[in-house]
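All remarks here apply to the structure that follows.
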Amino acid sequence: MLIDRYAYGNRLRHTEPALKAGIALTVLTLCLALDHPLTSLWALGWMSLLTVAVARIPAKVFGRILLGESTFLALATVGIAVTFTVATPPEATLWHWRLGSLWIFGTAEELSTALRTVFRALGAVSAMNFLALTTPLVDLVELLRRWHVPGALIDITAMVYRATFLLLDNLNRMRTAQECRLGYATARNSMHSAALLGGNLFMKTFQQGRRFQYALDARGFDGELRVLPAKYQSNPTLAMWGVSGVIAMLGIWRIPV
Amino acid sequence: MTPVFEFSDVRFRHNGQSDCALCGLTVTIPSGEKIAVVGRNGSGKSTLFLHCNGLYRPQQGQIRFNGEPFSYTRSSLRQLRQRVAIVFQNPDDQLFSASVAQDISFGPLNLGLSQAETARRVQQAAELCAITHLLDRPTHALSGGEKARVAMAGVLAMEPSVVLADELLSAIDPWARLDIFEILQTLHDHGTTILLATHDLSVVRYWATYVIVLQHGTVAFSGTPQQLLHNHSLLEATELSKIWWTVKLES
Ligand SMILES: Nc1ncnc2c1ncn2[C@@H]1O[C@H](COP(=O)(O)OP(=O)(O)O)[C@@H](O)[C@H]1O
Ligand SMILES: [Mg+2]
C-alpha cells in the first residue's frame, strides 16, 4: 500500500507521534470549527508544505492523493450548488439551464456555500493526509495505548491492519493464478472467476485465522497482545512549525469575508 | 540422559477427517540432538509438532516431557510453551505485529519479563539471527528469508530448550538456508534440542544426529542417520529411496 510505504520512509518517521497527531487534530478541529474559507485554504497550504517540504513526501504522491479526494468532494458538493425544479426559478440565479419544463440552476449563495464546504473539507483532509503519510499505523496504535484506549480495541486495530496485508497478498496471488489460466478472458467467465475468488478468499482467510491463533498460543498468548513500546525523538522544529501555523490560522480567521 | 519427549501410543484425528493423523504413534525423542523428522506430505509431521507444545491434545495415549506426563492446565501449558517453541512452516502465520522489534518482544513479555529484560532479549535474538538492521521494519515488508529469520528470532527470544522448525527450509533459497543452519548450529552448541521437519536428504546426511521417519501417522524408523542410510529395505519400504536416488546411499 502506497500510504504505508511513505509512512515508513519519510523524514518524520521517528518523530514523536503525539506531536504529529496533535498538529493534525488541532488543524482539523480549527478547520471544522472556524469554518472560514481563508483559514481552510491556509490549512491546506500549510499542511501540504509540512508534508512535502518537511516530511519530504514527493509532491507528486501528495498531489495525487489530494486530487483523488478533491474529485470525491467535488462530486459530493455538486448536490449543494445545483438545484432542480419544475417551477420557474427565482430571479437571482447565477446560471440556469432549461430542459423542457425542468429547470436546473444555481444561485451565487449556493455556490459560495458549496465552495466553503469544499475548502473546509479540503483543509481537514489535508491535515489527515499529513498524519497518515508521516505516521505508520503501528505508531498510531502505540499512541492510542498511551491515551488509555481499551486494550481490546487496540489489539483489534493492530490485527486488522496485519490481516489487511495478508488478505491483499492472497487476493493478488489468487487473481494472478486465475488470470494465467484465462479466468478473466470474457465478461462471463470474469464473473464466474470473481465469485470463485471471493469464496476461496473467505475459506483461506478463515484457515489463516486459525493458524494465527496457534502461532500466538505457541508464544504464550493469554488474551492480550503485549509488545514493547517504540522509542521516538522529540522534534522542536516541527513543534514550532505547528504552533506558528495554528496562530496564523487564528489570525486569518479575523479577516472578514 | 532423560529424553525430551516420550510419545506412547498417541492417537489423534482431525475434526471431520475419517483417517487418523497420528495412529498410535510411539517414539522417544533424545535430548540435545539435531533431529530430522522426515516423511511425505500428510504423514503427520505438523500434527506431531503441534502435540509437542500442547496445541493439540492426544485423543488417546500419553506424552511425557523430560520424564513428566503432560498436564494441560493453564499454568503447565505456559511453562511448557516457554521451553518448547515452534517455528511455523509459513512465517506469515506467525508474524502478527506491525514492526519486527515489537513482534519479537511478544513472547518474552508473555513470559512476564520486564521491559528492560525484554528489550535485551530482542536485541540478543536479533543479533543471533542477523536481523538487527530490520528491527524497525514492518513485518509485511520483508523477503521470505528475512521473514524466516524474524520468525526464528521471535521464538528464540523466549530462550526455549527445544526448538521445533516445521519445513522452515522449503520456502527459502539455499543462501538463506545457510543462515538458518548457522543459527541452528549456535543453538545446538548451547545444548538446545532441535527438531527439523524436512524432505532434504543432505540435511539428514550432513546435519542431523538423529532421524525420525514418519509414515501414515506412525514412526517407521528412529535412530542415527547412518543406521537409516544403510537400511535398504527400510528406505524401500518408506519410499525414501525413490526421492534420494541422486545421492549414493551406501558408503
Ligand atoms: N487442520 C486440519 N484439518 C483436517 N485435517 C488435517 C488438518 N491438518 C492436517 N490434517 C490431516 O492430517 C494428516 C497429517 O497432516 P500433517 O500433520 O499436516 O502432515 P505433514 O505435516 O507431514 O504434511 C493429513 O492426512 C492431513 O490431511
Ligand atoms: Mg506439515
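Numbering starts fresh at 1 for the residues of each chain in the C-alpha cells, the chains themselves are lettered A, B, ... in the order given, and ligands are numbered from 1 as they appear.
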
- Message: Within 12 Å of ligand 2 (counting only C-alpha atoms and all ligand atoms), which residues show up? I'd like them as a PyMOL selection string.
- Response: chain B and resi 21+37-50+87-90+164-168+170+196-199+214

Please determine the contact residues of chain B with respect to chain A at a cut-off of 6 Å, counting only C-alpha atoms, and supply them as a short mmCIF file (atom, residue, chain, number, x, y, z; two decimals) with C-alpha atoms, in the first residue's frame.
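Heads up, here's the output in out.cif:
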```
data_model
loop_
_atom_site.label_atom_id
_atom_site.label_comp_id
_atom_site.auth_asym_id
_atom_site.auth_seq_id
_atom_site.Cartn_x
_atom_site.Cartn_y
_atom_site.Cartn_z
CA ASP B 93 1.16 -17.21 10.11
CA GLN B 94 3.46 -16.25 12.91
CA ALA B 98 3.43 -4.31 12.61
CA GLN B 102 7.61 -5.49 18.54
CA SER B 105 9.06 -8.76 22.05
CA PHE B 106 5.69 -10.55 22.17
CA GLY B 107 6.94 -13.90 23.54
CA ASN B 110 4.11 -13.05 27.72
#
```

- Message: Rounded to one decimal, what separation in Å do you get between CA of His188 in chain B and CA of Val27 in chain B?
- Response: 21.3 Å

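Using only C-alpha atoms and all ligand atoms, the smallest distance between any of B:Ala116, B:Asn231, B:Arg64, B:Val213 and ligand 1 comes from B:Val213.
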
- Measuring atom to atom with only C-alpha atoms and all ligand atoms, identify which of B:Gln185, B:Ser31, B:Gln226, B:Gln17 is nearest to ligand 1.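 Answer, going by the shortest atom-to-atom distance: B:Gln17.
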
- Nearest to ligand 1 by atom-to-atom distance, counting only C-alpha atoms and all ligand atoms, from A:Gln207, A:Asn235, A:Asn189, A:Ser244: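 The closest residue to ligand 1 is A:Gln207.
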
- Message: Excluding Phe105 in chain A and its own-chain neighbours fewer than 4 positions away, which residues fall within 7 Å of it when counting only C-alpha atoms? Please give them as a ChimeraX atom specification.
- Response: /A:82-84,93,95-97

- Item | Distance in Å - CA of Gln60 in chain B versus atom 13 (C, counted along the ligand's line) of ligand 1 |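 Going from CA of Gln60 in chain B over to atom 13 (C, counted along the ligand's line) of ligand 1, I get 16.2 Å.
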
- Item | Which of A:Leu171, A:Leu30, A:Leu144, A:Leu2 sits closest to Ile57 in chain A [using only C-alpha atoms] | A:Leu2

- Hey, which of B:Leu229, B:Cys129, B:Val203, B:Val219 ends up closest to Val10 in chain B? Count only C-alpha atoms. B:Val219

- Running DSSP on the backbone, which parts of range 13-173 of chain B land in alpha helix (DSSP H), as a ChimeraX atom specification? /B:45-52,74-83,91-94,100-110,115-128,144-156

- From the set B:Leu235, B:Val204, B:Ile212, B:Ala176, which residue has the shortest atom-to-atom contact distance to ligand 1, counting only C-alpha atoms and all ligand atoms?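 Checking each of B:Leu235, B:Val204, B:Ile212, B:Ala176 against ligand 1, counting only C-alpha atoms and all ligand atoms, the winner is B:Ile212.
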
- Message: Between CA of Trp46 in chain A and CA of Leu133 in chain A, what is the distance in Å, rounded to a tenth?
- Response: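 So the answer is 15.0 Å.
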